[in-house]
Structures are given as C-alpha cells and as structure tokens.
file structure.cif (mmCIF, C-alpha atoms)
data_work
#
loop_
_atom_site.group_PDB
_atom_site.id
_atom_site.type_symbol
_atom_site.label_atom_id
_atom_site.label_comp_id
_atom_site.auth_asym_id
_atom_site.auth_seq_id
_atom_site.Cartn_x
_atom_site.Cartn_y
_atom_site.Cartn_z
ATOM 1 C CA MET M 1 64.312 223.204 270.530
ATOM 2 C CA LYS M 2 67.870 224.279 269.817
ATOM 3 C CA LYS M 3 67.540 227.273 272.162
ATOM 4 C CA ILE M 4 66.253 225.020 274.923
ATOM 5 C CA LYS M 5 69.280 222.743 274.552
ATOM 6 C CA ILE M 6 71.599 225.760 274.714
ATOM 7 C CA ILE M 7 69.868 227.054 277.855
ATOM 8 C CA ILE M 8 70.035 223.653 279.540
ATOM 9 C CA SER M 9 73.694 223.181 278.586
ATOM 10 C CA THR M 10 74.562 226.660 279.866
ATOM 11 C CA ALA M 11 72.728 226.056 283.133
ATOM 12 C CA ILE M 12 74.563 222.770 283.661
ATOM 13 C CA LEU M 13 77.934 224.381 282.944
ATOM 14 C CA VAL M 14 77.192 227.281 285.295
ATOM 15 C CA PHE M 15 76.211 224.840 288.036
ATOM 16 C CA ILE M 16 79.396 222.788 287.559
ATOM 17 C CA ALA M 17 81.504 225.960 287.589
ATOM 18 C CA ALA M 18 79.802 227.136 290.787
ATOM 19 C CA VAL M 19 80.460 223.800 292.498
ATOM 20 C CA ILE M 20 84.118 223.872 291.455
ATOM 21 C CA LEU M 21 84.671 227.497 292.483
ATOM 22 C CA MET M 22 82.755 227.315 295.772
ATOM 23 C CA PRO M 23 85.678 225.917 297.871
ATOM 24 C CA PHE M 24 87.966 228.657 296.555
ATOM 25 C CA TYR M 25 85.336 231.298 297.297
ATOM 26 C CA MET M 26 84.860 229.961 300.816
ATOM 27 C CA MET M 27 88.621 230.037 301.385
ATOM 28 C CA ILE M 28 88.700 233.724 300.414
ATOM 29 C CA ILE M 29 85.715 234.513 302.651
ATOM 30 C CA MET M 30 87.310 232.724 305.615
ATOM 31 C CA THR M 31 90.336 235.015 305.375
ATOM 32 C CA THR M 32 88.118 237.971 306.335
ATOM 33 C CA TYR M 33 87.024 236.578 309.730
ATOM 34 C CA GLU M 34 88.570 235.718 313.077
ATOM 35 C CA THR M 35 89.084 232.031 313.750
ATOM 36 C CA GLU M 36 86.462 232.085 316.522
ATOM 37 C CA GLN M 37 83.879 233.552 314.140
ATOM 38 C CA LEU M 38 84.329 230.672 311.701
ATOM 39 C CA TYR M 39 82.652 228.307 314.188
ATOM 40 C CA THR M 40 79.505 230.426 314.569
ATOM 41 C CA GLY M 41 77.951 229.408 311.265
ATOM 42 C CA LEU M 42 78.449 229.318 307.516
ATOM 43 C CA LYS M 43 79.926 232.558 306.196
ATOM 44 C CA LEU M 44 78.941 233.638 302.689
ATOM 45 C CA LEU M 45 79.689 237.370 302.877
ATOM 46 C CA PRO M 46 83.060 239.040 303.612
ATOM 47 C CA GLY M 47 83.969 240.027 307.146
ATOM 48 C CA SER M 48 86.162 242.816 308.495
ATOM 49 C CA TYR M 49 89.218 240.965 309.845
ATOM 50 C CA THR M 50 91.263 240.782 306.634
ATOM 51 C CA ILE M 51 94.032 243.221 307.589
ATOM 52 C CA GLU M 52 94.569 241.531 310.959
ATOM 53 C CA ASN M 53 94.952 238.116 309.308
ATOM 54 C CA ILE M 54 97.463 239.526 306.838
ATOM 55 C CA ARG M 55 99.429 240.993 309.749
ATOM 56 C CA THR M 56 99.296 237.649 311.544
ATOM 57 C CA VAL M 57 100.701 235.807 308.536
ATOM 58 C CA PHE M 58 103.534 238.256 307.939
ATOM 59 C CA SER M 59 104.265 238.753 311.635
ATOM 60 C CA ILE M 60 106.136 235.451 311.657
ATOM 61 C CA GLY M 61 108.848 237.383 309.814
ATOM 62 C CA ARG M 62 109.846 234.555 307.498
ATOM 63 C CA PHE M 63 106.806 234.149 305.289
ATOM 64 C CA PRO M 64 108.318 236.371 302.557
ATOM 65 C CA GLN M 65 111.410 234.140 302.781
ATOM 66 C CA TYR M 66 109.224 231.035 302.414
ATOM 67 C CA TYR M 67 107.631 232.645 299.363
ATOM 68 C CA LEU M 68 111.042 233.390 297.835
ATOM 69 C CA ASN M 69 112.267 229.857 298.591
ATOM 70 C CA SER M 70 109.241 228.309 296.878
ATOM 71 C CA ALA M 71 109.636 230.620 293.879
ATOM 72 C CA VAL M 72 113.325 229.767 293.426
ATOM 73 C CA ILE M 73 112.699 226.027 293.778
ATOM 74 C CA ALA M 74 109.606 225.976 291.536
ATOM 75 C CA ILE M 75 111.110 228.118 288.759
ATOM 76 C CA SER M 76 114.440 226.248 288.767
ATOM 77 C CA SER M 77 112.697 222.866 288.798
ATOM 78 C CA THR M 78 110.387 223.883 285.968
ATOM 79 C CA VAL M 79 113.208 225.181 283.755
ATOM 80 C CA LEU M 80 115.386 222.093 284.283
ATOM 81 C CA SER M 81 112.425 219.783 283.746
ATOM 82 C CA LEU M 82 111.506 221.477 280.462
ATOM 83 C CA ILE M 83 115.083 221.383 279.156
ATOM 84 C CA THR M 84 115.728 217.715 279.893
ATOM 85 C CA SER M 85 112.227 216.583 278.868
ATOM 86 C CA ALA M 86 112.376 218.461 275.551
ATOM 87 C CA MET M 87 115.859 217.160 274.707
ATOM 88 C CA ALA M 88 114.997 213.578 275.644
ATOM 89 C CA GLY M 89 111.663 213.754 273.814
ATOM 90 C CA PHE M 90 113.394 215.075 270.692
ATOM 91 C CA ALA M 91 115.975 212.270 270.850
ATOM 92 C CA PHE M 92 113.392 209.525 271.355
ATOM 93 C CA SER M 93 111.129 210.824 268.589
ATOM 94 C CA LYS M 94 113.639 211.704 265.855
ATOM 95 C CA TYR M 95 116.808 209.660 266.449
ATOM 96 C CA THR M 96 117.686 205.998 266.138
ATOM 97 C CA PHE M 97 120.170 204.653 268.685
ATOM 98 C CA PRO M 98 120.921 201.372 270.503
ATOM 99 C CA TRP M 99 118.458 200.320 273.215
ATOM 100 C CA LYS M 100 116.027 203.056 272.199
ATOM 101 C CA LYS M 101 112.918 200.906 272.669
ATOM 102 C CA GLY M 102 114.264 199.459 275.910
ATOM 103 C CA LEU M 103 114.979 202.901 277.361
ATOM 104 C CA PHE M 104 111.573 204.227 276.385
ATOM 105 C CA PHE M 105 109.961 201.145 277.920
ATOM 106 C CA PHE M 106 111.938 201.924 281.097
ATOM 107 C CA VAL M 107 110.462 205.438 281.057
ATOM 108 C CA LEU M 108 106.954 203.959 280.881
ATOM 109 C CA ILE M 109 107.686 201.501 283.702
ATOM 110 C CA VAL M 110 109.009 204.237 286.008
ATOM 111 C CA MET M 111 105.863 206.302 285.361
ATOM 112 C CA MET M 112 103.800 203.428 286.770
ATOM 113 C CA ILE M 113 105.776 203.195 290.026
ATOM 114 C CA PRO M 114 104.573 205.435 292.903
ATOM 115 C CA GLY M 115 107.264 207.879 293.938
ATOM 116 C CA GLN M 116 106.737 207.039 297.610
ATOM 117 C CA LEU M 117 108.297 203.593 297.068
ATOM 118 C CA GLY M 118 111.689 205.116 296.344
ATOM 119 C CA MET M 119 111.610 207.734 299.077
ATOM 120 C CA ILE M 120 113.882 205.892 301.508
ATOM 121 C CA ALA M 121 116.477 205.222 298.814
ATOM 122 C CA PHE M 122 116.223 208.843 297.722
ATOM 123 C CA MET M 123 116.862 210.109 301.243
ATOM 124 C CA ILE M 124 119.913 207.832 301.565
ATOM 125 C CA GLN M 125 121.235 209.121 298.248
ATOM 126 C CA ILE M 126 120.671 212.748 299.247
ATOM 127 C CA LYS M 127 122.547 212.199 302.494
ATOM 128 C CA TRP M 128 125.409 210.457 300.655
ATOM 129 C CA LEU M 129 125.682 213.408 298.243
ATOM 130 C CA GLY M 130 125.699 215.881 301.121
ATOM 131 C CA LEU M 131 122.532 217.639 299.961
ATOM 132 C CA SER M 132 120.508 217.251 303.156
ATOM 133 C CA ASN M 133 118.753 220.459 304.200
ATOM 134 C CA SER M 134 119.463 221.907 300.760
ATOM 135 C CA HIS M 135 117.214 223.348 298.058
ATOM 136 C CA LEU M 136 119.291 221.508 295.465
ATOM 137 C CA ALA M 137 117.833 218.250 296.762
ATOM 138 C CA LEU M 138 114.417 219.533 295.672
ATOM 139 C CA ILE M 139 115.562 221.029 292.359
ATOM 140 C CA LEU M 140 117.868 218.396 290.828
ATOM 141 C CA PRO M 141 115.330 215.502 290.807
ATOM 142 C CA SER M 142 113.171 217.549 288.426
ATOM 143 C CA MET M 143 115.692 216.786 285.684
ATOM 144 C CA ALA M 144 114.368 213.205 285.692
ATOM 145 C CA ASN M 145 110.770 214.008 284.765
ATOM 146 C CA PHE M 146 109.688 210.733 283.160
ATOM 147 C CA PHE M 147 106.188 211.984 282.443
ATOM 148 C CA GLY M 148 107.732 215.001 280.727
ATOM 149 C CA VAL M 149 109.907 212.761 278.555
ATOM 150 C CA PHE M 150 106.895 210.665 277.557
ATOM 151 C CA TRP M 151 104.778 213.777 276.929
ATOM 152 C CA MET M 152 107.364 215.471 274.713
ATOM 153 C CA THR M 153 108.149 212.263 272.822
ATOM 154 C CA GLN M 154 104.519 211.723 271.923
ATOM 155 C CA TYR M 155 103.979 215.356 270.983
ATOM 156 C CA MET M 156 107.079 215.635 268.788
ATOM 157 C CA ASN M 157 106.282 212.339 267.093
ATOM 158 C CA ALA M 158 102.976 213.780 265.974
ATOM 159 C CA SER M 159 103.663 217.475 265.445
ATOM 160 C CA LEU M 160 107.263 217.708 264.184
ATOM 161 C CA PRO M 161 107.617 216.454 260.577
ATOM 162 C CA MET M 162 110.867 214.676 259.805
ATOM 163 C CA GLU M 163 110.983 216.491 256.464
ATOM 164 C CA VAL M 164 111.496 219.815 258.249
ATOM 165 C CA ILE M 165 114.446 218.420 260.190
ATOM 166 C CA GLU M 166 116.005 216.912 257.067
ATOM 167 C CA SER M 167 115.639 220.221 255.222
ATOM 168 C CA ALA M 168 117.414 222.029 258.056
ATOM 169 C CA ARG M 169 120.243 219.487 258.019
ATOM 170 C CA ILE M 170 120.643 219.907 254.252
ATOM 171 C CA ASP M 171 121.015 223.655 254.881
ATOM 172 C CA GLY M 172 123.862 222.882 257.271
ATOM 173 C CA ALA M 173 122.112 223.225 260.630
ATOM 174 C CA SER M 174 123.691 221.336 263.518
ATOM 175 C CA ASP M 175 121.676 218.976 265.722
ATOM 176 C CA PHE M 176 121.552 221.526 268.542
ATOM 177 C CA ARG M 177 120.377 224.244 266.159
ATOM 178 C CA VAL M 178 117.673 221.948 264.794
ATOM 179 C CA PHE M 179 116.523 221.309 268.354
ATOM 180 C CA ALA M 180 116.647 224.930 269.521
ATOM 181 C CA GLN M 181 115.295 226.695 266.437
ATOM 182 C CA ILE M 182 112.928 224.101 264.974
ATOM 183 C CA ALA M 183 111.881 221.465 267.520
ATOM 184 C CA VAL M 184 111.293 223.850 270.429
ATOM 185 C CA PRO M 185 109.082 226.314 268.457
ATOM 186 C CA PHE M 186 107.036 223.401 267.126
ATOM 187 C CA ALA M 187 106.500 222.131 270.691
ATOM 188 C CA THR M 188 105.809 225.477 272.398
ATOM 189 C CA THR M 189 102.255 224.525 273.370
ATOM 190 C CA ALA M 190 103.374 221.211 274.862
ATOM 191 C CA LEU M 191 106.212 222.926 276.741
ATOM 192 C CA ILE M 192 103.870 225.510 278.281
ATOM 193 C CA THR M 193 101.471 222.776 279.371
ATOM 194 C CA LEU M 194 104.284 220.705 280.851
ATOM 195 C CA GLY M 195 105.721 223.810 282.526
ATOM 196 C CA LEU M 196 102.413 224.510 284.258
ATOM 197 C CA PHE M 197 102.290 220.929 285.546
ATOM 198 C CA ALA M 198 105.906 221.073 286.727
ATOM 199 C CA PHE M 199 105.504 224.442 288.463
ATOM 200 C CA LEU M 200 102.272 223.391 290.144
ATOM 201 C CA GLY M 201 103.797 220.141 291.398
ATOM 202 C CA SER M 202 106.885 221.863 292.777
ATOM 203 C CA TRP M 203 105.034 224.802 294.350
ATOM 204 C CA ASN M 204 102.500 222.558 296.129
ATOM 205 C CA SER M 205 105.027 219.907 297.187
ATOM 206 C CA TYR M 206 104.856 219.237 300.921
ATOM 207 C CA MET M 207 106.219 215.788 301.690
ATOM 208 C CA MET M 208 109.673 216.099 300.102
ATOM 209 C CA PRO M 209 110.467 219.535 301.592
ATOM 210 C CA MET M 210 109.262 218.258 304.966
ATOM 211 C CA LEU M 211 111.673 215.308 304.798
ATOM 212 C CA ILE M 212 114.673 217.190 303.398
ATOM 213 C CA LEU M 213 114.549 220.640 304.993
ATOM 214 C CA ASN M 214 115.084 221.148 308.722
ATOM 215 C CA SER M 215 116.087 224.830 308.849
ATOM 216 C CA ALA M 216 113.176 227.252 309.174
ATOM 217 C CA SER M 217 114.947 229.770 306.929
ATOM 218 C CA LYS M 218 114.832 227.263 304.057
ATOM 219 C CA PHE M 219 111.164 226.268 304.406
ATOM 220 C CA THR M 220 108.770 226.552 301.479
ATOM 221 C CA VAL M 221 105.258 228.029 301.519
ATOM 222 C CA PRO M 222 103.462 224.731 302.345
ATOM 223 C CA LEU M 223 105.779 224.154 305.311
ATOM 224 C CA GLY M 224 105.317 227.750 306.451
ATOM 225 C CA ILE M 225 101.524 227.389 306.310
ATOM 226 C CA ALA M 226 101.709 224.175 308.337
ATOM 227 C CA GLY M 227 103.857 226.018 310.888
ATOM 228 C CA LEU M 228 101.117 228.597 311.415
ATOM 229 C CA ASN M 229 98.985 225.871 312.954
ATOM 230 C CA GLN M 230 101.463 225.386 315.767
ATOM 231 C CA THR M 231 102.601 228.973 316.175
ATOM 232 C CA TYR M 232 99.167 230.543 316.425
ATOM 233 C CA ARG M 233 97.214 227.783 318.163
ATOM 234 C CA GLN M 234 94.933 226.507 315.458
ATOM 235 C CA ASP M 235 94.507 229.877 313.776
ATOM 236 C CA GLN M 236 92.539 228.623 310.775
ATOM 237 C CA ALA M 237 91.778 232.137 309.553
ATOM 238 C CA ALA M 238 95.493 232.956 309.339
ATOM 239 C CA GLN M 239 96.091 229.639 307.588
ATOM 240 C CA MET M 240 93.375 230.438 305.046
ATOM 241 C CA MET M 241 95.021 233.808 304.426
ATOM 242 C CA ALA M 242 98.406 232.135 303.927
ATOM 243 C CA LEU M 243 96.824 229.608 301.560
ATOM 244 C CA SER M 244 95.188 232.396 299.570
ATOM 245 C CA ILE M 245 98.492 234.243 299.256
ATOM 246 C CA GLY M 246 100.221 230.978 298.341
ATOM 247 C CA THR M 247 97.833 230.291 295.472
ATOM 248 C CA LEU M 248 98.419 233.660 293.762
ATOM 249 C CA PRO M 249 101.342 232.501 291.554
ATOM 250 C CA ILE M 250 99.339 229.501 290.385
ATOM 251 C CA ILE M 251 96.317 231.661 289.549
ATOM 252 C CA ILE M 252 98.501 234.128 287.645
ATOM 253 C CA MET M 253 100.204 231.361 285.660
ATOM 254 C CA PHE M 254 96.920 229.747 284.683
ATOM 255 C CA ALA M 255 95.411 233.130 283.818
ATOM 256 C CA PHE M 256 98.159 233.833 281.288
ATOM 257 C CA GLY M 257 98.741 230.265 280.114
ATOM 258 C CA SER M 258 95.256 228.752 280.176
ATOM 259 C CA LYS M 259 94.812 228.899 276.384
ATOM 260 C CA HIS M 260 98.103 227.098 275.781
ATOM 261 C CA PHE M 261 97.336 224.692 278.628
ATOM 262 C CA ILE M 262 93.972 223.642 277.178
ATOM 263 C CA ARG M 263 95.391 223.509 273.653
ATOM 264 C CA GLY M 264 98.240 221.310 274.840
ATOM 265 C CA LEU M 265 95.926 218.911 276.632
ATOM 266 C CA VAL M 266 93.647 218.651 273.609
ATOM 267 C CA SER M 267 96.593 218.158 271.245
ATOM 268 C CA GLY M 268 98.062 215.525 273.514
ATOM 269 C CA ALA M 269 94.758 213.701 273.714
ATOM 270 C CA ILE M 270 94.341 213.694 269.929
ATOM 271 C CA LYS M 271 97.924 213.116 268.844
ATOM 272 C CA GLY M 272 99.151 210.931 271.705
#

call {"tool": "encode", "arguments": {"input": "structure.cif", "output": "structure tokens"}}
result
Amino acid sequence: MKKIKIIISTAILVFIAAVILMPFYMMIIMTTYETEQLYTGLKLLPGSYTIENIRTVFSIGRFPQYYLNSAVIAISSTVLSLITSAMAGFAFSKYTFPWKKGLFFFVLIVMMIPGQLGMIAFMIQIKWLGLSNSHLALILPSMANFFGVFWMTQYMNASLPMEVIESARIDGASDFRVFAQIAVPFATTALITLGLFAFLGSWNSYMMPMLILNSASKFTVPLGIAGLNQTYRQDQAAQMMALSIGTLPIIIMFAFGSKHFIRGLVSGAIKG
C-alpha cells in the first residue's frame, strides 16, 4: 500500500513538472524553426534553423548592449535593495525608536498599494530630478523595497536572538559591526531569497524602462525583444530566440541559489 502511494505521488509530481516545463520546452523548440514553419503545425522536435535565428537576433547590433544594460541595472538594483532592506529590517527588529510602529505600519500600507497608481507622480519626479532617459531612474527606486523591509524585519525577528547582539555589544562591537558581522550572516538565506526576487523583478521589468528610456542604446532586454517584432516583421522565431537568451541569467541564478531560495521561503512561511 505504501509503495502504491509513492508511485501515485511520483506520477502526480512528474505530471505537474511536465505541465510547468512544457511552455519553456516549446519556447526552446520554436527557436530552431523559421517563423513560417511555426504556423504549419505543433512542433515537438528540434528544427535546423537555430543558427539563422541567433544571427537574426544579434544582427541588430545592439542586443549585446541591451544585455549589458539589463545586467548593470538588475545587479545594481539588487545590491541596493539588499543593503537598504537588511539595514531597515535590522533596525525595525532590534531597535526601539520614536514612531517605530507607525513607520512599520506605513511599510505595510505601501505594500498594499499597486505601483501603477503612483506612476504619473513618479514620472514627474524623475523629470524634476533630471533623470529622464537614465538608468539611474530604474536603479534608485530599488532602495525603497518595502516588501524587502517587511521580509527582513520578520526574518530577523525570528532568527536573530537579542542575546547574541547584547553579547557582541558587551565585547565592544559597534552597531555597524553587529549588523555586518552578526545580523547579515544570520540572515544569509533570507538575503539570497530576496536577491533572487529583486533580480528577477528588475531583469523582467518592461513598463518602467519603456516609460523612462527613449534612446535605443539604453534599452534593456525586454525592450530589445519587443523591438524585434517591428524590425523583423513579426519574426516570432527570432523573438523566441531572444527570449531564450534573455532567460539564461535567471536560470543560472536559480540553478545556484535554488536551495537557499526554497529554504528562505520555507523559513519565512514558518517564522513570519
């Protein structure tokens, strides 16, 4: 009876995995055909047009630049988001200061408000600061990651004992040293999980770069992929190739950080 349950559970999990992975598999298969061939029926086996699609994508000349732009923006945004979120989370979880509860309640309120509601005000502010058509306009807002602040606050509340901090202070450690050498190592799993979220959100962002950037040399990968649709007359095969290339950093990050990612989600669910 136990073996039957294991077999059934395995079969269900395999089926779910197949359903989840099928769109990704189809995207890869579509990169090996011409666009015209994609309309002749469902393709399940690889074709022979892969090299031509790669040449089409890189023939625009700026796709490597789009890739570099996205990498710079995503990495910078992730680093700034982790720094500010970790510092704010440490302060909210281990310090007592005026208006602490009110500020944390403000963090929760902002998390409930859709970002699209403040887009017009954000664009006015960016123009007033002179950051229009600038990558800084996409990087600096990451410092105000309210979800990150909430995430780190909850994690440090549960995983960082106050006794450890007090012992470090008795030994003469400064507040910054306590944060850097004690709080951050305790929250490594949460930081990796938050970093994956931040990188993924920045790398896949389309709307904000579309509104802020107007120079082709500053476009990100999503904008470059959208441009293929106009440049090559509905060349879906080339777009699929560009999408496949664009997902490589995400796949690599999840391949190396999946254990920490799952552990962080589980810890957050239990301790939060």

call {"tool": "residues_around", "arguments": {"input": "structure.cif", "residues": "Gly227 of chain M", "least_positions_apart": "6", "cutoff": "12 Å", "atoms": "only C-alpha atoms", "output": "ChimeraX atom specification"}}
result
/M:57,60,62-63,66,210,216,219-221,233-236,238-239,242

call {"tool": "resolve_selection", "arguments": {"input": "structure.cif", "expression": "the PyMOL selection byres ((chain M and resi 164) around 12)", "output": "list of chain:residue names"}}
result
M:Lys94, M:Ser159, M:Leu160, M:Pro161, M:Met162, M:Glu163, M:Ile165, M:Glu166, M:Ser167, M:Ala168, M:Arg169, M:Ile170, M:Asp171, M:Ala173, M:Val178, M:Phe179, M:Gln181, M:Ile182, M:Ala183, M:Phe186

call {"tool": "write_last_selection", "arguments": {"input": "structure.cif", "atoms": "C-alpha atoms", "output": "PDB file, in the frame of the given file"}}
result
ATOM      1  CA  LYS M  94     113.639 211.704 265.855  1.00  0.00           C
ATOM      2  CA  SER M 159     103.663 217.475 265.445  1.00  0.00           C
ATOM      3  CA  LEU M 160     107.263 217.708 264.184  1.00  0.00           C
ATOM      4  CA  PRO M 161     107.617 216.454 260.577  1.00  0.00           C
ATOM      5  CA  MET M 162     110.867 214.676 259.805  1.00  0.00           C
ATOM      6  CA  GLU M 163     110.983 216.491 256.464  1.00  0.00           C
ATOM      7  CA  ILE M 165     114.446 218.420 260.190  1.00  0.00           C
ATOM      8  CA  GLU M 166     116.005 216.912 257.067  1.00  0.00           C
ATOM      9  CA  SER M 167     115.639 220.221 255.222  1.00  0.00           C
ATOM     10  CA  ALA M 168     117.414 222.029 258.056  1.00  0.00           C
ATOM     11  CA  ARG M 169     120.243 219.487 258.019  1.00  0.00           C
ATOM     12  CA  ILE M 170     120.643 219.907 254.252  1.00  0.00           C
ATOM     13  CA  ASP M 171     121.015 223.655 254.881  1.00  0.00           C
ATOM     14  CA  ALA M 173     122.112 223.225 260.630  1.00  0.00           C
ATOM     15  CA  VAL M 178     117.673 221.948 264.794  1.00  0.00           C
ATOM     16  CA  PHE M 179     116.523 221.309 268.354  1.00  0.00           C
ATOM     17  CA  GLN M 181     115.295 226.695 266.437  1.00  0.00           C
ATOM     18  CA  ILE M 182     112.928 224.101 264.974  1.00  0.00           C
ATOM     19  CA  ALA M 183     111.881 221.465 267.520  1.00  0.00           C
ATOM     20  CA  PHE M 186     107.036 223.401 267.126  1.00  0.00           C
TER      21      PHE M 186
END

call {"tool": "atom_distance", "arguments": {"input": "structure.cif", "atom1": "atom CA of Met240 of chain M", "atom2": "atom CA of Asn53 of chain M"}}
result
8.9 Å

call {"tool": "atom_distance", "arguments": {"input": "structure.cif", "atom1": "atom CA of Leu213 of chain M", "atom2": "atom CA of Pro249 of chain M"}}
result
22.3 Å

call {"tool": "resolve_selection", "arguments": {"input": "structure.cif", "expression": "the PyMOL selection byres ((chain M and resi 250) around 12)", "output": "list in words"}}
result
Ser70, Ala71, Ala74, Ile75, Gly195, Leu196, Phe197, Ala198, Phe199, Leu200, Gly201, Ser202, Trp203, Asn204, Leu243, Ser244, Ile245, Gly246, Thr247, Leu248, Pro249, Ile251, Ile252, Met253, Phe254, Ala255, Phe256, Gly257 and Ser258 of chain M

call {"tool": "residues_around", "arguments": {"input": "structure.cif", "residues": "segment 95-104 of chain M", "least_positions_apart": "4", "cutoff": "12 Å", "atoms": "all atoms listed in the file", "output": "PyMOL selection string"}}
result
chain M and resi 87-91+108-111+146-147+149-151+153-154+156-157+162+165-166+175+179

call {"tool": "atom_distance", "arguments": {"input": "structure.cif", "atom1": "atom CA of Leu136 of chain M", "atom2": "atom CA of Pro114 of chain M"}}
result
21.9 Å

call {"tool": "axis_aligned_box", "arguments": {"input": "structure.cif", "around": "segment 159-163 of chain M", "padding_each_side": "4 Å", "output": "AutoDock Vina command-line options"}}
result
--center_x 107.3 --center_y 216.2 --center_z 261.0 --size_x 15.3 --size_y 11.0 --size_z 17.0

call {"tool": "closest_residue", "arguments": {"input": "structure.cif", "among": "M:Ser215, M:Ser85, M:Thr188, M:Thr50", "to": "Met30 of chain M", "atoms": "only C-alpha atoms"}}
result
M:Thr50

call {"tool": "closest_residue", "arguments": {"input": "structure.cif", "among": "M:Ala237, M:Met112, M:Ile139, M:Gln125", "to": "Ile28 of chain M", "atoms": "all atoms listed in the file"}}
result
M:Ala237
